[in-house]
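Here the structure is laid out as structure tokens; the discussion comes afterwards.
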Amino acid sequence: MTTVTKPTAPTPSSTSDSSIPWKRILLWLAIAFTVIFSLAPVLWQVLTSIKTNAAITADPTVYFPGLDQLTARHYIDLFRENQFQIYIINSALVSVISTILCLALGSPAAYALARLRIPGEQLVLGAVLVVTLFPYILLFLGLLEIVRALGLANNYLALIVPYTAINLPLTILVMRSFFQQLPKDLEDSAKVDGYNTLQMLWQIVLPMTLPALVTTGILAFIFAWNEFLFALTFMTRESMKTIPVAAAQLGGTTLFEVPYGPLAASTVVGTLPLVLLVLFFQRRIVQGLTAGSVKG
Amino acid sequence: MTQDYIRQREKRTGWMLVIPAVLLLLLVYAFPILRAFWLGFFTENLSTNLQPEFSGLENYGRMVQDGRFWQSIGNTAIFTVFSLLFELILGLIIALALDQAFRGRGLVRTIAILPWALPTALIALAWRWIFNAEYGVWNDILVRLQIIGDPVNWLGDPNWAMVSVIAADVWKTTSFVAILLLAGLQSISQDLYEAHSIDGATPWQSFRQITLPLIAPQIVIAMLFRFAQAFGIFDLIQVMTGGGPGGATEMVSIYIYATVMRYLDFGYGAALVAVTFLILILVVALAGLGLKRLQANAE
């Protein structure tokens with residue numbers, strides 16, 4: 001996306017002009033709201049995760065903990081006692097593999113739908129658009145039956161296959177809009193040079209679409225990392241769980257002592273990879289979301 | 001002749017490229033939906049030893065009289081309507097702010113999309129902690145500001161629990177709405193506003209007469225996606241309240257999940273999936289028609 005910087009309204013010279021710059025004030029109020037609204041809940045989680053148990057449950061609430069109220073205990077517990085590294089590996093494995101598969105299946109399809117006139121094209125595109133709206137709860141019962149019939153419970157495939165599929169519509173829509181923007185001359189001259197469609201796709205078109213592949217891949221990774229329902233249903237063995245499920249089930253062990261600290265720490269650990277992705281790829285994420293305008 | 005041959009080959013290659021993706025989509029999307037409609041005509045639960053027995057419309061007859069089902073539909077409707085309403089208002093404010101030029105806009109935009117990118121289940125944990133009755137920071141802030149006298153049991157009270165899950169959902173998804181609306185705002189030419197203000201229009205009039213009509217399609221698209229997601233909301237509710245207290249926040253998805261996974265009532269669960277699917281498709285079709293009309297008006 002090209003960021004168009006709009007000309008700023010001339011700011012009234014502050015003291016000589018008696019009129020109050022309402023527009024500027026409103027703008028900064030809205031910006032302050034946006035920042036506080038988006039960050040405060042996350043920062044509270046970070047703060048909770050590094051406070052000692054005594055500080056977490058102290059009354060009045062501790063907003064600025066002293067040095068003696070800080071601890072790394074919750075993070076250490078998370079990895080020593082709750083084996084969180086296993087869940088991180090599971091999440092990473094399933095997300096990365098499904099993202100790669102999704103790009104491998106989705107971009108050729110997107111290219112065909114953008115460039116090769118094939119019968120049934122409108123039908124496929126329409127179907128792709130509609131299924132992006134299906135909530136996962138409509139799918140889990142049928143998928144559960146498949147998983148049971150094939151004996152795939154507690155197998156990475158039980159998540160890799162659905163995750164690949166749920167990201168396909170987005171991949172096809174974003175990649176297709178990208179292919180359509182490529183200059184067609186290049187492909188025409190490649191054809192004249194004797195490339196067939198597959199060679200051309202592999203050797204000429206794909207290298208040019210690397211930025212779009214990165215954009216789509218980031219979105220697919222985010223959706224796979226965040227998925228909860230399938231992971232909850234298909235992975236019942238402790239050693240196969242992904243981060244969102246493992247974190248959500250942390251509290252279940254004792255009824256009376258809720259582990260607030262480790263819970264907060266698990267939230268931080270599980271969201272950190274995504275925070276980094278957003279920090280580095282903000283522009284691409286916005287671009288991909290608007291091109292595909294998919295999912296919430 | 002050769003032209004025909006090339007065209008024929010292109011078609012074949014095209015289908016070769018599309019078919020793997022289409023097959024996977026059929027397996028993961030089409031099969032479960034069709035299967036739900038089929039299984040909805042059977043009774044398959046503990047009373048039939050989990051074997052499917054054809055029972056016609058029995059599941060649907062049961063649904064009509066199932067108070068818990070209707071309550072879950074009502075809860076889902078309330079949750080969806082209020083979530084979308086607040087997301088639209090807040091999303092529009094954020095989008096309008098991010099559309100202006102100011103120092104540090106890139107950073108603010110990065111911060112603004114953060115909530116959207118984070119895992120809903122983990123965000124639900126965060127909000128459960130914020131709304132904690134004993135140690136929750138939300139109670140502490142409200143008591144300090146003297147808005148409330150005594151701490152409120154947010155997730156333990158039926159009405160407040162609904163307010164709490166709506167608040168968490170609004171936090172999580174407002175940024176998505178803002179991103180889509182911002183794209184719409186950026187496509188509006190600045191000249192339009194200048195001409196309008198030369199004609200003596202106030203900023204409010206410009207907003208009503210230029211901005212809103214021109215981003216109407218983006219509003220509809222954003223609300224369409226948000227509707228589908230909110231209507232099927234699962235992870236946020238499951239982790240924050242589990243549908244409680246006393247079913248006060250039980251959404252239709254939570255009821256479906258419990259029917260299948262806890263009561264092992266697969267036939268009835270399938271019928272619930274089928275009906276939920278039909279409601280969703282109906283609303284989406286209506287919104288789609290509205291969008292077509294908007295786009296026709298814009299031309």
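Here's how to read the names in the structure tokens: chain A, B, ... by the order shown, residue numbers from 1 in each chain, ligand numbers from 1 in the order shown.
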
Exercise. What residues in chain A lie within 7 Å of chain B, counting only C-alpha atoms, written as number ranges by chain?
Worked result: A: 5-6, 8, 27, 30-31, 34-35, 38, 45, 57, 61, 105-106, 108-109, 112, 116-118, 133-135, 137-139, 141-143, 162, 165, 222, 226, 228-229, 244, 248, 264, 267, 271, 274-275, 278-279, 282, 286, 290, 294-296

For this session: Name all residues at most 10 Å from Tyr193 in chain B (count only C-alpha atoms; drop same-chain ones fewer than 5 positions away) and give them as JSON, numbers by chain.
Result: {"B": [188, 198, 199, 201, 203, 206, 207, 209, 210, 211]}

Keeping only N, CA and C atoms, write those residues as a short mmCIF file (atom, residue, chain, number, x, y, z; two decimals), in the first residue's frame.
```cif
data_model
loop_
_atom_site.label_atom_id
_atom_site.label_comp_id
_atom_site.auth_asym_id
_atom_site.auth_seq_id
_atom_site.Cartn_x
_atom_site.Cartn_y
_atom_site.Cartn_z
N ILE B 188 -10.34 8.28 -0.65
CA ILE B 188 -11.13 9.49 -0.93
C ILE B 188 -10.18 10.64 -1.27
N ILE B 198 -14.85 25.03 0.64
CA ILE B 198 -14.95 26.33 -0.03
C ILE B 198 -16.43 26.71 -0.18
N ASP B 199 -17.25 25.68 -0.40
CA ASP B 199 -18.70 25.92 -0.49
C ASP B 199 -19.31 26.25 0.87
N ALA B 201 -19.07 24.30 3.78
CA ALA B 201 -19.54 23.19 4.60
C ALA B 201 -18.68 23.07 5.87
N PRO B 203 -16.94 20.80 8.98
CA PRO B 203 -16.35 19.45 8.97
C PRO B 203 -17.40 18.36 9.19
N SER B 206 -19.15 17.74 6.01
CA SER B 206 -18.28 17.00 5.09
C SER B 206 -18.28 15.52 5.45
N PHE B 207 -18.21 15.25 6.75
CA PHE B 207 -18.19 13.87 7.21
C PHE B 207 -19.47 13.14 6.79
N GLN B 209 -21.68 14.09 4.44
CA GLN B 209 -22.04 14.11 3.01
C GLN B 209 -20.97 13.51 2.10
N ILE B 210 -19.71 13.48 2.55
CA ILE B 210 -18.66 12.90 1.70
C ILE B 210 -18.15 11.58 2.28
N THR B 211 -17.63 11.66 3.51
CA THR B 211 -16.93 10.50 4.07
C THR B 211 -17.84 9.28 4.18
#
```

For this session: Write out as an MDAnalysis selection string all residues of range 137-244 of chain A that DSSP puts in alpha helix (DSSP H) for this structure's backbone.
Result: chainID A and resid 140:149 157:181 184:192 197:200 206:208 210:226 229:234 243:244

For this session: Excluding range 46-49 of chain A and any residue of its chain fewer than 6 positions from it, enumerate the residues within 7 Å of it, using only C-alpha atoms, and give them as a ChimeraX atom specification.
Result: /A:56,74,261-262,264-265,268

Output for the residues just chosen: N, CA and C atoms as a PDB file, in the first residue's frame:
```
ATOM      1  N   ILE A  56       0.818  -9.444  43.306  1.00  0.00           N
ATOM      2  CA  ILE A  56      -0.334  -9.640  42.422  1.00  0.00           C
ATOM      3  C   ILE A  56      -1.639  -9.527  43.198  1.00  0.00           C
ATOM      4  N   HIS A  74       7.487 -16.765  37.564  1.00  0.00           N
ATOM      5  CA  HIS A  74       6.369 -17.298  36.771  1.00  0.00           C
ATOM      6  C   HIS A  74       6.849 -17.843  35.431  1.00  0.00           C
ATOM      7  N   GLY A 261      -0.066 -15.548  38.171  1.00  0.00           N
ATOM      8  CA  GLY A 261       1.242 -15.193  37.611  1.00  0.00           C
ATOM      9  C   GLY A 261       1.595 -16.020  36.382  1.00  0.00           C
ATOM     10  N   PRO A 262       1.618 -17.372  36.520  1.00  0.00           N
ATOM     11  CA  PRO A 262       1.922 -18.204  35.353  1.00  0.00           C
ATOM     12  C   PRO A 262       0.925 -17.987  34.201  1.00  0.00           C
ATOM     13  N   ALA A 264      -0.568 -15.189  33.398  1.00  0.00           N
ATOM     14  CA  ALA A 264      -0.152 -13.963  32.711  1.00  0.00           C
ATOM     15  C   ALA A 264       1.115 -14.209  31.904  1.00  0.00           C
ATOM     16  N   ALA A 265       2.048 -14.964  32.500  1.00  0.00           N
ATOM     17  CA  ALA A 265       3.299 -15.249  31.794  1.00  0.00           C
ATOM     18  C   ALA A 265       3.028 -16.053  30.522  1.00  0.00           C
ATOM     19  N   VAL A 268       1.865 -13.828  27.813  1.00  0.00           N
ATOM     20  CA  VAL A 268       2.968 -13.054  27.227  1.00  0.00           C
ATOM     21  C   VAL A 268       3.792 -13.928  26.281  1.00  0.00           C
TER      22      VAL A 268
END
```

For this session: Name all residues at most 9 Å from range 247-250 of chain B (count only C-alpha atoms; drop same-chain ones fewer than 6 positions away) and give them as a PyMOL selection string.
Result: chain B and resi 68+71-73+75-76+79+157-159+161-162+165+237-238+241

Exercise. Using the chain letters and numbers from this document, which residues of range 28-256 of chain B does DSSP assign to strand (DSSP E), as a ChimeraX atom specification?
Worked result: /B:42-43,53-54

Export, as a compact mmCIF listing (two decimals), in the first residue's frame, the selected residues with N, CA and C atoms.
```txt
# COMPACT_ATOMS: atom_id res chain seq x y z
N PHE B 42 -30.65 -37.95 11.76
CA PHE B 42 -30.44 -39.19 12.51
C PHE B 42 -30.34 -38.89 14.00
N THR B 43 -30.68 -39.89 14.79
CA THR B 43 -30.38 -39.81 16.21
C THR B 43 -29.11 -40.62 16.44
N GLU B 53 -29.30 -43.69 13.97
CA GLU B 53 -30.59 -44.30 13.63
C GLU B 53 -31.45 -43.22 13.01
N PHE B 54 -32.01 -43.51 11.83
CA PHE B 54 -32.78 -42.50 11.13
C PHE B 54 -33.99 -42.07 11.98
```

For this session: Could you tell me which of A:Gln180, A:Gln85, A:Thr233, A:Ser266 comes closest to Leu250 in chain A if we count only C-alpha atoms?
Result: A:Ser266
